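One structure is given here, and the rest of the page talks about it.
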Amino acid sequence: MELFEQIRREYEFGVGTIAGVAHKLGVHRRMVREAIGSALPKERKKTERPRWKLRAAVEFVDAVLQADRRAPRKQRHTAHRIWVRITEELPECKIAERTVREYVHDRKIALGMLVRETCVPQSYAWGVEAQVDWYEAYANLAGERVKLTGSIVWN
């Protein structure tokens, strides 16, 4: 965006020619024409390629993500952990971690599991205020799933 603004200013108030602006800023003349035509750059085309190496693991990844929907949020699989499980449980499937990470990201968005969270950092002077953090966790005790609750207090 800043480059487009710089191109437009240089064209209007500086050199004044497309070739001159392109030479001065070190960009292609086509980009200068695009910046003059619109203040916003065009969206880049993203070509969808078939994921032929991923085909062998798609059902496995989808099953893991479906199981994760029933699990507590903090105990769900990360994309890295899913990739590790693929390499261990499906040794014939040679797949890059990046490919798994992209697929898991897309599937989590499609399943509604990925939401953007906002964190507001807070700072307090020592000894002025205390904070309590409540938490819930699930654990398997003696073969039975049990909900555990607790709190942490700090100054």
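Each chain of the structure tokens is named A, B, ... in the order shown, its residues numbered from 1; ligands are numbered from 1 in display order.
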Need the shell around Ile36 in chain A: protein/DNA/RNA residues with any atom at most 10 Å away, counting only C-alpha atoms. Skip same-chain ones fewer than 6 positions apart. Format as a compact mmCIF listing (two decimals) with all heavy atoms, in the first residue's frame?
# COMPACT_ATOMS: atom_id res chain seq x y z
N PHE A 4 2.32 1.79 -3.43
CA PHE A 4 1.34 2.36 -4.37
C PHE A 4 1.17 3.86 -4.12
O PHE A 4 1.06 4.64 -5.05
CB PHE A 4 0.00 1.63 -4.24
CG PHE A 4 -0.13 0.48 -5.20
CD1 PHE A 4 0.92 -0.40 -5.41
CD2 PHE A 4 -1.30 0.27 -5.89
CE1 PHE A 4 0.80 -1.46 -6.28
CE2 PHE A 4 -1.44 -0.78 -6.77
CZ PHE A 4 -0.39 -1.65 -6.96
N GLU A 5 1.13 4.24 -2.86
CA GLU A 5 1.00 5.67 -2.54
C GLU A 5 2.22 6.44 -3.03
O GLU A 5 2.09 7.53 -3.59
CB GLU A 5 0.84 5.83 -1.03
CG GLU A 5 0.60 7.26 -0.59
CD GLU A 5 0.40 7.36 0.90
OE1 GLU A 5 0.02 6.36 1.54
OE2 GLU A 5 0.63 8.46 1.42
N ILE A 7 4.19 5.61 -5.49
CA ILE A 7 4.14 5.64 -6.96
C ILE A 7 3.19 6.73 -7.42
O ILE A 7 3.50 7.52 -8.32
CB ILE A 7 3.72 4.27 -7.52
CG1 ILE A 7 4.83 3.24 -7.30
CG2 ILE A 7 3.37 4.37 -8.99
CD1 ILE A 7 4.43 1.81 -7.63
N ARG A 8 2.01 6.80 -6.81
CA ARG A 8 1.02 7.81 -7.22
C ARG A 8 1.52 9.24 -6.98
O ARG A 8 1.34 10.13 -7.81
CB ARG A 8 -0.30 7.57 -6.49
CG ARG A 8 -0.99 6.28 -6.92
CD ARG A 8 -2.11 5.90 -5.97
NE ARG A 8 -3.22 6.82 -6.01
CZ ARG A 8 -4.29 6.66 -6.77
NH1 ARG A 8 -4.38 5.61 -7.55
NH2 ARG A 8 -5.27 7.54 -6.73
N ARG A 9 2.18 9.45 -5.84
CA ARG A 9 2.73 10.78 -5.56
C ARG A 9 3.83 11.16 -6.53
O ARG A 9 3.89 12.29 -7.01
CB ARG A 9 3.27 10.84 -4.13
CG ARG A 9 2.20 10.95 -3.10
CD ARG A 9 2.78 11.17 -1.73
NE ARG A 9 1.70 11.24 -0.76
CZ ARG A 9 1.86 11.08 0.52
NH1 ARG A 9 3.06 10.84 1.02
NH2 ARG A 9 0.83 11.15 1.35
N TYR A 11 4.23 10.04 -9.54
CA TYR A 11 3.66 10.27 -10.86
C TYR A 11 2.99 11.63 -10.93
O TYR A 11 3.12 12.35 -11.92
CB TYR A 11 2.65 9.17 -11.18
CG TYR A 11 2.03 9.31 -12.56
CD1 TYR A 11 2.73 8.97 -13.69
CD2 TYR A 11 0.73 9.77 -12.70
CE1 TYR A 11 2.18 9.09 -14.95
CE2 TYR A 11 0.16 9.90 -13.95
CZ TYR A 11 0.88 9.56 -15.07
OH TYR A 11 0.31 9.69 -16.32
N GLU A 12 2.26 12.00 -9.87
CA GLU A 12 1.51 13.26 -9.89
C GLU A 12 2.39 14.48 -9.63
O GLU A 12 2.26 15.49 -10.32
CB GLU A 12 0.40 13.20 -8.84
CG GLU A 12 -0.59 14.35 -8.95
CD GLU A 12 -1.77 14.17 -8.02
OE1 GLU A 12 -2.04 13.04 -7.58
OE2 GLU A 12 -2.42 15.19 -7.73
N ILE A 18 5.27 7.42 -16.70
CA ILE A 18 5.24 6.04 -16.20
C ILE A 18 6.64 5.44 -16.21
O ILE A 18 7.08 4.84 -15.23
CB ILE A 18 4.25 5.20 -17.04
CG1 ILE A 18 2.82 5.68 -16.78
CG2 ILE A 18 4.39 3.72 -16.74
CD1 ILE A 18 1.77 5.05 -17.65
N ARG A 30 4.25 -1.84 -15.58
CA ARG A 30 2.91 -2.40 -15.37
C ARG A 30 2.41 -2.09 -13.96
O ARG A 30 1.24 -1.77 -13.76
CB ARG A 30 2.98 -3.91 -15.61
CG ARG A 30 1.68 -4.62 -15.50
CD ARG A 30 1.80 -6.10 -15.90
NE ARG A 30 3.00 -6.74 -15.40
CZ ARG A 30 3.96 -7.29 -16.18
NH1 ARG A 30 3.86 -7.26 -17.50
NH2 ARG A 30 5.01 -7.85 -15.65
Backbone DSSP call of helix (DSSP H, G or I) for range 19-154 of chain A, listed as a ChimeraX atom specification:
/A:19-25,29-37,54-56,58-70,73-75,79-89,97-111
For Arg98 in chain A, the nearest of the candidates A:Leu114, A:Ala79, A:Val146, A:Val61, counting only C-alpha atoms
A:Ala79
Nearby residues (only C-alpha atoms) at most 9 Å from Asp62 in chain A, same-chain spacing under 4 positions excluded, as a list of chain:residue names:
A:Ala57, A:Val58, A:Gln66, A:Ala67, A:Val104, A:Arg107
Dump as a short mmCIF file (atom, residue, chain, number, x, y, z; two decimals), in the first residue's frame, selection limited to all heavy atoms:
data_model
loop_
_atom_site.label_atom_id
_atom_site.label_comp_id
_atom_site.auth_asym_id
_atom_site.auth_seq_id
_atom_site.Cartn_x
_atom_site.Cartn_y
_atom_site.Cartn_z
N ALA A 57 -3.75 -39.45 3.63
CA ALA A 57 -3.89 -39.07 5.04
C ALA A 57 -5.13 -38.23 5.33
O ALA A 57 -5.38 -37.91 6.49
CB ALA A 57 -2.65 -38.30 5.49
N VAL A 58 -5.90 -37.88 4.33
CA VAL A 58 -7.05 -37.00 4.52
C VAL A 58 -8.06 -37.60 5.50
O VAL A 58 -8.52 -36.92 6.43
CB VAL A 58 -7.73 -36.67 3.17
CG1 VAL A 58 -9.11 -36.06 3.38
CG2 VAL A 58 -6.87 -35.71 2.38
N GLN A 66 -12.27 -34.55 13.99
CA GLN A 66 -13.62 -34.83 14.50
C GLN A 66 -13.56 -35.25 15.97
O GLN A 66 -14.39 -34.85 16.78
CB GLN A 66 -14.31 -35.90 13.67
CG GLN A 66 -14.80 -35.41 12.32
CD GLN A 66 -15.85 -34.31 12.44
OE1 GLN A 66 -16.60 -34.22 13.41
NE2 GLN A 66 -15.89 -33.44 11.45
N ALA A 67 -12.56 -36.06 16.31
CA ALA A 67 -12.40 -36.46 17.71
C ALA A 67 -12.03 -35.25 18.57
O ALA A 67 -12.45 -35.17 19.73
CB ALA A 67 -11.33 -37.54 17.82
N VAL A 104 -4.72 -28.78 7.83
CA VAL A 104 -5.37 -28.71 9.15
C VAL A 104 -5.93 -27.31 9.38
O VAL A 104 -7.05 -27.16 9.88
CB VAL A 104 -4.37 -29.10 10.27
CG1 VAL A 104 -4.91 -28.75 11.64
CG2 VAL A 104 -4.06 -30.58 10.20
N ARG A 107 -9.13 -27.01 7.30
CA ARG A 107 -10.20 -27.83 7.85
C ARG A 107 -10.74 -27.26 9.15
O ARG A 107 -11.94 -27.31 9.40
CB ARG A 107 -9.71 -29.28 8.08
CG ARG A 107 -9.53 -30.07 6.81
CD ARG A 107 -10.80 -30.20 6.01
NE ARG A 107 -11.80 -30.95 6.75
CZ ARG A 107 -13.10 -30.86 6.57
NH1 ARG A 107 -13.59 -30.06 5.66
NH2 ARG A 107 -13.93 -31.58 7.29
#
For CA of Gly150 in chain A and CA of Tyr138 in chain A, determine how far apart the two atoms are, in Å to one decimal place.
11.6 Å
How many Å lie between CA of Ile95 in chain A and CA of Arg51 in chain A, rounded to one decimal?
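Value for the CA of Ile95 in chain A-CA of Arg51 in chain A distance: 10.2 Å.
Reported to one decimal place, the separation of CA of Leu111 in chain A from CA of Leu148 in chain A is 27.4 Å.
Comparing the minimum interatomic distances between Leu90 in chain A and each of A:Arg44, A:Ala56, A:His28, A:Leu141, counting only C-alpha atoms, we find that A:Ala56 sits nearest.
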If we count only C-alpha atoms and set the cut-off at 7 Å, which residues sit around Trp83 in chain A, ignoring sequence neighbours fewer than 4 positions away in its own chain? Please answer as a PyMOL selection string.
chain A and resi 79+87+97+100
Residues within 12 Å of Leu3 in chain A, please, as a count of residues only. Count only C-alpha atoms; anything in the same chain fewer than 2 positions from it doesn't count.
20
